[in-house]
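A.B. asks: Shown below is the structure under consideration.
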Amino acid sequence: MSVEVLDGVTIVNFVEDEKAFTESVRDRFDHLDTDQDGLLSYAEMLKELQSLRVFETHFGIDVKTDPEELARVYSSLFEQFDHDLSGRVDLEEFKEETKQMMLAMANGLGFLPVQMVLEKDSLLKKAVERESASAAA
């Protein structure tokens, strides 16, 4: 993990860089595709969703969350990715939904820089690294 400064423009520029964004999304997809069949099952994506602990914490403090409610939320998130409702998510579905989520984050952040703690291989970290490399060139 590292503390980084970013804003909405950092994310938008990353998403609009088709080569960098596609490569990063493909790497993330491949990491999640544990059975290497080219599709993400609910179980494969569930591990990722659970690791985010978005619903189990409130400002970093653990909170008790109803397991049935969590299951409904995770199922709903999976359905957001599964555009054709096949029960599996292919790379294009994953890329398109990831793009929409990243752009929503960019919209929420706006143009004022914020400091965030980012995971080493996260897409946000890759966006910051891309911006840093561009600024150095």
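Labeling convention for the structure tokens: chains A, B, ... as they appear, residues from 1 per chain, ligands from 1 in order of appearance.
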Residues near Leu39 (chain A), anyone? I mean within 8 Å using only C-alpha atoms, not counting same-chain ones fewer than 4 positions away, as a PDB file with C-alpha atoms, in the first residue's frame.
C.D. replies:
```
ATOM      1  CA  ASP A  33      -9.716 -15.922 -13.312  1.00  0.00           C
ATOM      2  CA  ARG A  88     -20.233 -15.667 -16.077  1.00  0.00           C
ATOM      3  CA  VAL A  89     -18.371 -12.444 -16.802  1.00  0.00           C
ATOM      4  CA  ASP A  90     -16.137 -12.262 -19.859  1.00  0.00           C
ATOM      5  CA  LEU A  91     -13.274  -9.825 -20.350  1.00  0.00           C
TER       6      LEU A  91
END
```
A.B. asks: Could you give me, as number ranges by chain, each residue of region 16-80 of chain A that DSSP assigns to alpha helix (DSSP H) when run on this structure's backbone?
C.D. replies: A: 16, 18-32, 42-52, 67-80
A.B. asks: So which residues touch Met1 (chain A) within 12 Å, counting only C-alpha atoms, skipping near sequence neighbours fewer than 2 positions away, as a PyMOL selection string?
C.D. replies: chain A and resi 3-4+116-122+124-125
A.B. asks: Now that the selection is made, can you save its residues with C-alpha atoms as a short mmCIF file (atom, residue, chain, number, x, y, z; two decimals), in the first residue's frame?
C.D. replies:
```
data_model
loop_
_atom_site.label_atom_id
_atom_site.label_comp_id
_atom_site.auth_asym_id
_atom_site.auth_seq_id
_atom_site.Cartn_x
_atom_site.Cartn_y
_atom_site.Cartn_z
CA VAL A 3 -0.44 7.03 0.00
CA GLU A 4 -1.02 8.82 -3.28
CA MET A 116 -5.77 8.06 -0.71
CA VAL A 117 -4.21 4.84 0.48
CA LEU A 118 -3.97 2.60 -2.58
CA GLU A 119 -3.25 -1.10 -2.93
CA LYS A 120 -0.08 -1.91 -4.88
CA ASP A 121 -1.78 -3.46 -7.92
CA SER A 122 -5.07 -1.54 -7.87
CA LEU A 124 -6.26 3.55 -9.10
CA LYS A 125 -2.58 2.98 -8.33
#
```
A.B. asks: Quick one: residues within 12 Å of Phe29 (chain A), only C-alpha atoms, excluding same-chain residues fewer than 6 positions away - as a short mmCIF file (atom, residue, chain, number, x, y, z; two decimals) with N, CA and C atoms, in the first residue's frame?
C.D. replies:
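Below is the file that was written, part.cif:
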```
data_model
loop_
_atom_site.label_atom_id
_atom_site.label_comp_id
_atom_site.auth_asym_id
_atom_site.auth_seq_id
_atom_site.Cartn_x
_atom_site.Cartn_y
_atom_site.Cartn_z
N THR A 22 -6.76 -1.00 -20.97
CA THR A 22 -7.06 -2.38 -21.38
C THR A 22 -6.05 -3.36 -20.81
N GLU A 23 -4.78 -3.00 -20.86
CA GLU A 23 -3.74 -3.88 -20.31
C GLU A 23 -3.93 -4.08 -18.80
N ASP A 35 -9.37 -20.27 -12.49
CA ASP A 35 -9.40 -21.52 -13.25
C ASP A 35 -8.97 -21.33 -14.71
N GLN A 36 -8.61 -20.11 -15.06
CA GLN A 36 -8.08 -19.75 -16.38
C GLN A 36 -8.95 -20.21 -17.55
N ASP A 37 -10.28 -20.07 -17.38
CA ASP A 37 -11.18 -20.44 -18.48
C ASP A 37 -11.62 -19.24 -19.31
N GLY A 38 -11.10 -18.05 -18.99
CA GLY A 38 -11.46 -16.86 -19.75
C GLY A 38 -12.78 -16.24 -19.32
N LEU A 39 -13.35 -16.74 -18.24
CA LEU A 39 -14.60 -16.22 -17.70
C LEU A 39 -14.50 -16.14 -16.19
N LEU A 40 -15.17 -15.16 -15.61
CA LEU A 40 -15.20 -15.05 -14.16
C LEU A 40 -16.53 -15.57 -13.64
N SER A 41 -16.44 -16.52 -12.73
CA SER A 41 -17.63 -17.03 -12.07
C SER A 41 -17.97 -16.12 -10.90
N GLU A 44 -15.36 -16.57 -8.20
CA GLU A 44 -14.09 -15.87 -8.46
C GLU A 44 -14.22 -14.38 -8.17
N MET A 45 -15.33 -13.79 -8.55
CA MET A 45 -15.52 -12.36 -8.29
C MET A 45 -15.85 -12.10 -6.83
N GLU A 48 -12.92 -11.23 -4.67
CA GLU A 48 -12.48 -9.85 -4.88
C GLU A 48 -13.40 -8.86 -4.16
N VAL A 89 -18.78 -13.75 -16.31
CA VAL A 89 -18.37 -12.44 -16.80
C VAL A 89 -17.16 -12.63 -17.70
N ASP A 90 -17.29 -12.17 -18.96
CA ASP A 90 -16.14 -12.26 -19.86
C ASP A 90 -15.31 -10.98 -19.77
N LEU A 91 -14.19 -10.96 -20.44
CA LEU A 91 -13.27 -9.82 -20.35
C LEU A 91 -13.92 -8.52 -20.78
N GLU A 92 -14.70 -8.54 -21.86
CA GLU A 92 -15.33 -7.30 -22.34
C GLU A 92 -16.36 -6.77 -21.34
N GLU A 93 -17.14 -7.65 -20.75
CA GLU A 93 -18.10 -7.22 -19.72
C GLU A 93 -17.35 -6.62 -18.53
N PHE A 94 -16.28 -7.30 -18.13
CA PHE A 94 -15.48 -6.83 -16.99
C PHE A 94 -14.88 -5.46 -17.29
N LYS A 95 -14.34 -5.31 -18.49
CA LYS A 95 -13.72 -4.04 -18.87
C LYS A 95 -14.74 -2.91 -18.91
N THR A 98 -15.94 -2.08 -15.35
CA THR A 98 -14.83 -1.45 -14.62
C THR A 98 -14.65 -0.01 -15.08
N SER A 122 -3.72 -2.02 -7.56
CA SER A 122 -5.07 -1.54 -7.87
C SER A 122 -5.08 -0.70 -9.15
N LEU A 123 -6.24 -0.59 -9.75
CA LEU A 123 -6.37 0.23 -10.96
C LEU A 123 -6.13 1.70 -10.65
#
```
A.B. asks: Would you pick out the contacts of Ser75 (chain A) at 12 Å or less, using only C-alpha atoms, so that residues sharing its chain but fewer than 4 positions from it are not included, and give the list as a list in words?
C.D. replies: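 Listing them by chain and then by number gives Ser41, Tyr42, Ala43, Met45, Leu46, Leu49, Gln50, Glu68, Glu69, Leu70, Ala71, Glu79, Gln80, Phe81, Asp82, Leu85 and Gly87 of chain A.
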A.B. asks: Those same residues - N, CA and C atoms - I'd like them written as a short mmCIF file (atom, residue, chain, number, x, y, z; two decimals), in the first residue's frame.
C.D. replies:
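Okay, this is what ended up in result.cif:
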```
data_model
loop_
_atom_site.label_atom_id
_atom_site.label_comp_id
_atom_site.auth_asym_id
_atom_site.auth_seq_id
_atom_site.Cartn_x
_atom_site.Cartn_y
_atom_site.Cartn_z
N SER A 41 -16.44 -16.52 -12.73
CA SER A 41 -17.63 -17.03 -12.07
C SER A 41 -17.97 -16.12 -10.90
N TYR A 42 -19.15 -16.32 -10.35
CA TYR A 42 -19.54 -15.57 -9.15
C TYR A 42 -18.53 -15.81 -8.04
N ALA A 43 -18.10 -17.05 -7.85
CA ALA A 43 -17.16 -17.39 -6.78
C ALA A 43 -15.83 -16.66 -6.96
N MET A 45 -15.33 -13.79 -8.55
CA MET A 45 -15.52 -12.36 -8.29
C MET A 45 -15.85 -12.10 -6.83
N LEU A 46 -16.51 -13.04 -6.18
CA LEU A 46 -16.89 -12.86 -4.78
C LEU A 46 -15.66 -12.65 -3.91
N LEU A 49 -14.70 -9.05 -4.29
CA LEU A 49 -15.65 -8.16 -3.64
C LEU A 49 -15.50 -8.21 -2.13
N GLN A 50 -15.32 -9.39 -1.58
CA GLN A 50 -15.15 -9.53 -0.14
C GLN A 50 -13.86 -8.90 0.34
N GLU A 68 -26.96 -12.19 5.04
CA GLU A 68 -27.91 -12.27 3.93
C GLU A 68 -27.92 -10.98 3.12
N GLU A 69 -27.80 -9.85 3.81
CA GLU A 69 -27.74 -8.57 3.11
C GLU A 69 -26.47 -8.48 2.28
N LEU A 70 -25.35 -8.93 2.85
CA LEU A 70 -24.10 -8.94 2.10
C LEU A 70 -24.21 -9.81 0.85
N ALA A 71 -24.81 -10.98 0.99
CA ALA A 71 -24.98 -11.89 -0.15
C ALA A 71 -25.81 -11.22 -1.25
N GLU A 79 -24.22 -9.12 -10.92
CA GLU A 79 -25.15 -8.95 -12.03
C GLU A 79 -24.85 -7.68 -12.82
N GLN A 80 -24.31 -6.65 -12.16
CA GLN A 80 -23.92 -5.43 -12.87
C GLN A 80 -22.84 -5.74 -13.91
N PHE A 81 -21.95 -6.65 -13.58
CA PHE A 81 -20.88 -7.03 -14.49
C PHE A 81 -21.37 -8.00 -15.56
N ASP A 82 -22.29 -8.85 -15.22
CA ASP A 82 -22.77 -9.92 -16.10
C ASP A 82 -23.85 -9.37 -17.04
N LEU A 85 -26.24 -11.78 -18.63
CA LEU A 85 -26.90 -12.64 -17.65
C LEU A 85 -26.63 -14.13 -17.87
N GLY A 87 -24.36 -15.77 -16.20
CA GLY A 87 -23.83 -16.35 -14.98
C GLY A 87 -22.32 -16.34 -14.94
#
```
A.B. asks: Can you work out the spacing between CA of Gln100 (chain A) and CA of Val9 (chain A) in Å, to one decimal?
C.D. replies: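 Going from CA of Gln100 (chain A) over to CA of Val9 (chain A), I get 14.7 Å.
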A.B. asks: So which one's closest to Asn13 (chain A), A:Gln115, A:Ala136, A:Arg72, A:Lys99? Using only C-alpha atoms, please.
C.D. replies: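 Once distances to Asn13 (chain A) are computed over only C-alpha atoms, the minimum belongs to A:Lys99.
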A.B. asks: Please report the interatomic distance between CA of Leu77 (chain A) and CA of Val25 (chain A) in Å with one decimal.
C.D. replies: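 Atom-to-atom, CA of Leu77 (chain A) and CA of Val25 (chain A) are spaced 17.3 Å apart.
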